[in-house]
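For reference, coords-v4.pdb is printed below; it contains PDB, C-alpha atoms.
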MODEL        1
ATOM      1  CA  MET A 105     -20.179 -47.303  45.299
ATOM      2  CA  LYS A 106     -19.333 -43.608  45.146
ATOM      3  CA  THR A 107     -16.077 -42.085  43.907
ATOM      4  CA  GLU A 108     -14.704 -39.050  45.693
ATOM      5  CA  ILE A 109     -12.875 -36.343  43.735
ATOM      6  CA  GLY A 110     -11.862 -33.505  45.931
ATOM      7  CA  LYS A 111     -14.894 -33.031  48.131
ATOM      8  CA  MET A 112     -17.521 -33.982  45.580
ATOM      9  CA  ASP A 113     -19.159 -37.415  45.587
ATOM     10  CA  LEU A 114     -19.981 -38.839  42.175
ATOM     11  CA  PRO A 115     -22.790 -41.331  41.594
ATOM     12  CA  GLU A 116     -22.079 -44.647  39.851
ATOM     13  CA  GLU A 117     -24.245 -43.657  36.878
ATOM     14  CA  PHE A 118     -22.072 -40.575  36.186
ATOM     15  CA  LYS A 119     -21.418 -40.561  32.419
ATOM     16  CA  TYR A 120     -17.653 -39.908  32.608
ATOM     17  CA  LEU A 121     -16.797 -41.933  35.685
ATOM     18  CA  GLU A 122     -14.699 -44.410  33.649
ATOM     19  CA  VAL A 123     -12.690 -41.535  32.159
ATOM     20  CA  LEU A 124     -12.038 -40.114  35.625
ATOM     21  CA  ARG A 125     -10.930 -43.471  36.980
ATOM     22  CA  ASN A 126      -8.531 -44.201  34.084
ATOM     23  CA  GLY A 127      -7.019 -40.716  33.943
ATOM     24  CA  LYS A 128      -5.981 -38.776  30.870
ATOM     25  CA  GLN A 129      -5.985 -40.887  27.743
ATOM     26  CA  ARG A 130      -2.644 -41.248  25.972
ATOM     27  CA  HIS A 131      -2.548 -41.430  22.178
ATOM     28  CA  CYS A 132       0.657 -42.852  20.824
ATOM     29  CA  GLY A 133       0.718 -44.281  17.307
ATOM     30  CA  ASP A 134      -3.028 -44.926  17.132
ATOM     31  CA  ALA A 135      -5.427 -43.603  14.461
ATOM     32  CA  PHE A 136      -6.348 -40.569  16.574
ATOM     33  CA  SER A 137      -2.728 -39.440  17.001
ATOM     34  CA  ARG A 138      -2.112 -39.774  13.249
ATOM     35  CA  CYS A 139      -5.162 -37.614  12.424
ATOM     36  CA  HIS A 140      -4.484 -35.152  15.239
ATOM     37  CA  PRO A 141      -0.726 -34.763  15.754
ATOM     38  CA  LYS A 142       0.452 -33.030  18.904
ATOM     39  CA  MET A 143       0.670 -29.250  18.440
ATOM     40  CA  ASP A 144       4.102 -27.725  19.048
ATOM     41  CA  TYR A 145       4.376 -25.268  21.925
ATOM     42  CA  ALA A 146       4.965 -22.178  19.746
ATOM     43  CA  LYS A 147       1.667 -22.673  17.896
ATOM     44  CA  ARG A 148      -0.097 -23.583  21.099
ATOM     45  CA  ALA A 149       1.102 -20.360  22.711
ATOM     46  CA  LYS A 150      -0.489 -18.326  19.900
ATOM     47  CA  ILE A 151      -3.891 -19.697  20.810
ATOM     48  CA  PHE A 152      -3.636 -18.168  24.256
ATOM     49  CA  ALA A 153      -1.928 -14.938  23.184
ATOM     50  CA  PRO A 154      -3.615 -11.703  24.243
ATOM     51  CA  PHE A 155      -5.894 -10.043  21.745
ATOM     52  CA  ALA A 156      -7.096  -6.501  21.188
ATOM     53  CA  ALA A 157     -10.630  -6.304  22.521
ATOM     54  CA  LEU A 158     -11.024  -2.797  21.102
ATOM     55  CA  LYS A 159      -9.909  -2.532  17.490
ATOM     56  CA  GLY A 160      -7.799   0.552  16.869
ATOM     57  CA  PHE A 161      -7.513   1.452  20.562
ATOM     58  CA  GLU A 162      -3.731   1.013  20.701
ATOM     59  CA  GLU A 163      -3.295   3.180  17.577
ATOM     60  CA  GLU A 164      -5.524   5.905  19.025
ATOM     61  CA  VAL A 165      -3.609   5.975  22.291
ATOM     62  CA  GLY A 166      -0.299   5.895  20.400
ATOM     63  CA  SER A 167      -1.357   8.810  18.200
ATOM     64  CA  LYS A 168      -1.728  10.983  21.300
ATOM     65  CA  GLU A 169       1.960  10.430  22.110
ATOM     66  CA  VAL A 170       3.167  11.968  18.826
ATOM     67  CA  ARG A 171       4.989  15.251  19.370
ATOM     68  CA  TYR A 172       3.887  17.917  16.913
ATOM     69  CA  GLU A 173       5.645  21.218  16.324
ATOM     70  CA  GLU A 174       5.454  24.360  14.263
ATOM     71  CA  LYS A 175       7.130  24.376  10.860
ATOM     72  CA  ARG A 176      10.690  25.719  11.046
ATOM     73  CA  GLU A 177      11.528  28.565   8.718
ATOM     74  CA  VAL A 178      14.294  27.921   6.193
ATOM     75  CA  ASP A 179      16.698  30.854   5.925
ATOM     76  CA  GLU A 180      18.123  32.176   2.626
ATOM     77  CA  ASP A 181      21.345  30.124   2.791
ATOM     78  CA  GLU A 182      19.449  26.904   3.497
ATOM     79  CA  ARG A 183      16.949  27.686   0.721
ATOM     80  CA  TYR A 184      19.819  28.280  -1.719
ATOM     81  CA  GLU A 185      21.429  24.961  -0.712
ATOM     82  CA  LEU A 186      18.098  23.101  -1.130
ATOM     83  CA  ASN A 187      17.617  24.635  -4.594
ATOM     84  CA  GLU A 188      21.144  23.613  -5.625
ATOM     85  CA  GLN A 189      20.535  20.050  -4.479
ATOM     86  CA  LEU A 190      17.151  19.915  -6.232
ATOM     87  CA  ASN A 191      18.793  21.130  -9.459
ATOM     88  CA  GLN A 192      21.457  18.420  -9.199
ATOM     89  CA  LEU A 193      18.805  15.791  -8.517
ATOM     90  CA  TYR A 194      16.717  17.022 -11.459
ATOM     91  CA  GLU A 195      19.708  16.782 -13.814
ATOM     92  CA  ARG A 196      20.377  13.219 -12.670
ATOM     93  CA  THR A 197      16.748  12.047 -12.825
ATOM     94  CA  PHE A 198      14.960  13.915 -15.650
ATOM     95  CA  ASN A 199      16.011  11.272 -18.187
ATOM     96  CA  GLY A 200      14.310   8.072 -17.019
ATOM     97  CA  HIS A 201      16.835   5.770 -18.729
ATOM     98  CA  ASP A 202      19.848   7.525 -17.173
ATOM     99  CA  ALA A 203      18.123   7.591 -13.795
ATOM    100  CA  LYS A 204      17.640   3.817 -13.911
ATOM    101  CA  GLN A 205      21.260   3.259 -14.969
ATOM    102  CA  ASN A 206      22.661   5.525 -12.222
ATOM    103  CA  PRO A 207      20.185   5.673  -9.346
ATOM    104  CA  VAL A 208      20.609   8.503  -6.858
ATOM    105  CA  LYS A 209      20.254   7.656  -3.188
ATOM    106  CA  ALA A 210      19.071  10.393  -0.864
ATOM    107  CA  VAL A 211      17.931  11.085   2.655
ATOM    108  CA  ILE A 212      15.294  13.797   2.806
ATOM    109  CA  GLU A 213      13.984  15.431   5.954
ATOM    110  CA  TYR A 214      10.614  17.075   5.420
ATOM    111  CA  TYR A 215       7.680  18.561   7.293
ATOM    112  CA  ALA A 216       4.335  16.727   7.329
ATOM    113  CA  ARG A 217       1.209  18.339   8.739
ATOM    114  CA  CYS A 218      -0.851  16.405  11.291
ATOM    115  CA  GLU A 219      -3.564  14.502   9.406
ATOM    116  CA  ASP A 220      -5.091  12.847  12.478
ATOM    117  CA  GLU A 221      -8.623  14.252  12.674
ATOM    118  CA  ASN A 222      -8.870  13.307  16.363
ATOM    119  CA  SER A 223      -5.813  15.340  17.300
ATOM    120  CA  GLU A 224      -6.005  18.867  18.636
ATOM    121  CA  PHE A 225      -3.171  19.730  16.203
ATOM    122  CA  TYR A 226      -5.040  18.558  13.086
ATOM    123  CA  ARG A 227      -3.617  20.598  10.184
ATOM    124  CA  LYS A 228      -2.278  23.198  12.642
ATOM    125  CA  LYS A 229       1.073  21.641  13.488
ATOM    126  CA  GLY A 230       3.095  18.756  12.152
ATOM    127  CA  ARG A 231       6.291  16.784  12.576
ATOM    128  CA  TYR A 232       9.510  16.214  10.712
ATOM    129  CA  LEU A 233       9.873  12.887   8.959
ATOM    130  CA  THR A 234      12.722  11.298   7.033
ATOM    131  CA  ALA A 235      12.434   9.598   3.655
ATOM    132  CA  GLU A 236      15.359   7.490   2.535
ATOM    133  CA  GLY A 237      15.844   5.714  -0.754
ATOM    134  CA  ILE A 238      16.195   6.166  -4.506
ATOM    135  CA  VAL A 239      15.108   9.506  -5.962
ATOM    136  CA  GLU A 240      12.621   8.647  -8.695
ATOM    137  CA  LYS A 241      11.782  12.086 -10.045
ATOM    138  CA  VAL A 242      12.103  15.800  -9.408
ATOM    139  CA  ASP A 243       9.110  17.591 -10.926
ATOM    140  CA  PRO A 244       9.635  21.382 -11.093
ATOM    141  CA  GLU A 245       6.177  21.945 -12.630
ATOM    142  CA  GLN A 246       4.261  20.309  -9.778
ATOM    143  CA  GLN A 247       6.942  21.349  -7.250
ATOM    144  CA  VAL A 248       7.358  17.814  -5.863
ATOM    145  CA  ILE A 249      10.132  15.292  -5.438
ATOM    146  CA  ARG A 250       9.354  11.574  -5.529
ATOM    147  CA  ILE A 251      11.501   9.248  -3.423
ATOM    148  CA  SER A 252      10.717   5.584  -2.771
ATOM    149  CA  GLY A 253       7.081   6.039  -3.779
ATOM    150  CA  ARG A 254       6.546   9.112  -1.577
ATOM    151  CA  ARG A 255       5.682  12.546  -3.005
ATOM    152  CA  ILE A 256       7.090  15.486  -1.060
ATOM    153  CA  ALA A 257       6.301  19.111  -1.874
ATOM    154  CA  PHE A 258       9.289  21.433  -2.313
ATOM    155  CA  SER A 259       7.749  23.794   0.269
ATOM    156  CA  ASN A 260       7.974  21.063   2.944
ATOM    157  CA  LEU A 261      11.635  20.171   2.345
ATOM    158  CA  TYR A 262      13.979  20.875   5.232
ATOM    159  CA  ARG A 263      17.201  18.999   4.437
ATOM    160  CA  ILE A 264      18.548  16.819   1.600
ATOM    161  CA  GLU A 265      21.586  14.562   1.730
ATOM    162  CA  THR A 266      22.568  12.859  -1.518
ATOM    163  CA  ASP A 267      25.415  10.972  -3.112
ATOM    164  CA  CYS A 268      25.367  13.430  -6.060
ATOM    165  CA  GLY A 269      28.806  14.826  -5.358
ATOM    166  CA  LYS A 270      30.386  11.380  -5.102
ATOM    167  CA  LYS A 271      31.824   9.606  -8.109
ATOM    168  CA  PRO A 272      31.131   5.857  -8.359
TER
ENDMDL
END

Kindly transcribe the structure held in the file into structure tokens.
Amino acid sequence: MKTEIGKMDLPEEFKYLEVLRNGKQRHCGDAFSRCHPKMDYAKRAKIFAPFAALKGFEEEVGSKEVRYEEKREVDEDERYELNEQLNQLYERTFNGHDAKQNPVKAVIEYYARCEDENSEFYRKKGRYLTAEGIVEKVDPEQQVIRISGRRIAFSNLYRIETDCGKKP
């Protein structure tokens, strides 16, 4: 006797004929279902999620979308204001103990040169970034300010907003 599935005839000696006749096996409460519990749909979906066939491709394409610009010149008034703010920040952070007792929050806008070697603007142009957080140190000798683990050179500073003028 031959079994017909679709348009294909299967011989009686077909190894999985019994499985085809009985349909999908159901495991409910048996040893197999205890060892292999049904996977929830969220985890199952991850198995079939798309993957990146080319490592780093998305980052490379994304890096081409970054808009780079020339560094803006800071005029005398802006430079004076930046120096005043740096002096205030230095006074509030030079003593490590006082700085920890009264942390100074700041938002700093600064210029960062393009460091992407594959970009046509590599070290020629840059972009303005914002660092926000606790000012850790103002170092006049090395001409850097450290905020939330980031070191920013004084020459790259564009704007500083602090809570220095506010009384707690």

Near Leu193 of chain A, within 8 Å and counting all atoms listed in the file, which residues show up once chain neighbours fewer than 3 positions away are dropped, as a VMD selection string? chain A and resid 189 to 190 196 to 197 208 239 242 268

One-decimal distance in Å that lies between atom CA of Lys228 of chain A and atom CA of Gly160 of chain A: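 Atom CA of Lys228 of chain A lies 23.7 Å from atom CA of Gly160 of chain A.
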
As a PyMOL selection string, please: the residues near segment 181-186 of chain A (cut-off 9 Å, all atoms listed in the file, same-chain neighbours under 5 positions excluded). chain A and resi 191+261-264

For the structure provided, state which residues fall under the PyMOL selection byres ((chain A and resi 265) around 6), and present them as an mmCIF file with C-alpha atoms, in the coordinates of the input.
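Wrote out-v6.cif, looks like this:
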data_model
loop_
_atom_site.group_PDB
_atom_site.id
_atom_site.type_symbol
_atom_site.label_atom_id
_atom_site.label_comp_id
_atom_site.auth_asym_id
_atom_site.auth_seq_id
_atom_site.Cartn_x
_atom_site.Cartn_y
_atom_site.Cartn_z
ATOM 1 C CA ALA A 210 19.071 10.393 -0.864
ATOM 2 C CA VAL A 211 17.931 11.085 2.655
ATOM 3 C CA ILE A 264 18.548 16.819 1.600
ATOM 4 C CA THR A 266 22.568 12.859 -1.518
#

Residue members of the PyMOL selection byres ((chain A and resi 217) around 7) in the file shown, as a PyMOL selection string: chain A and resi 215-216+218-219+227+229-231

How many Å lie between atom CA of Tyr214 of chain A and atom CA of Ala257 of chain A, rounded to one decimal?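 Pair atom CA of Tyr214 of chain A / atom CA of Ala257 of chain A returns 8.7 Å.
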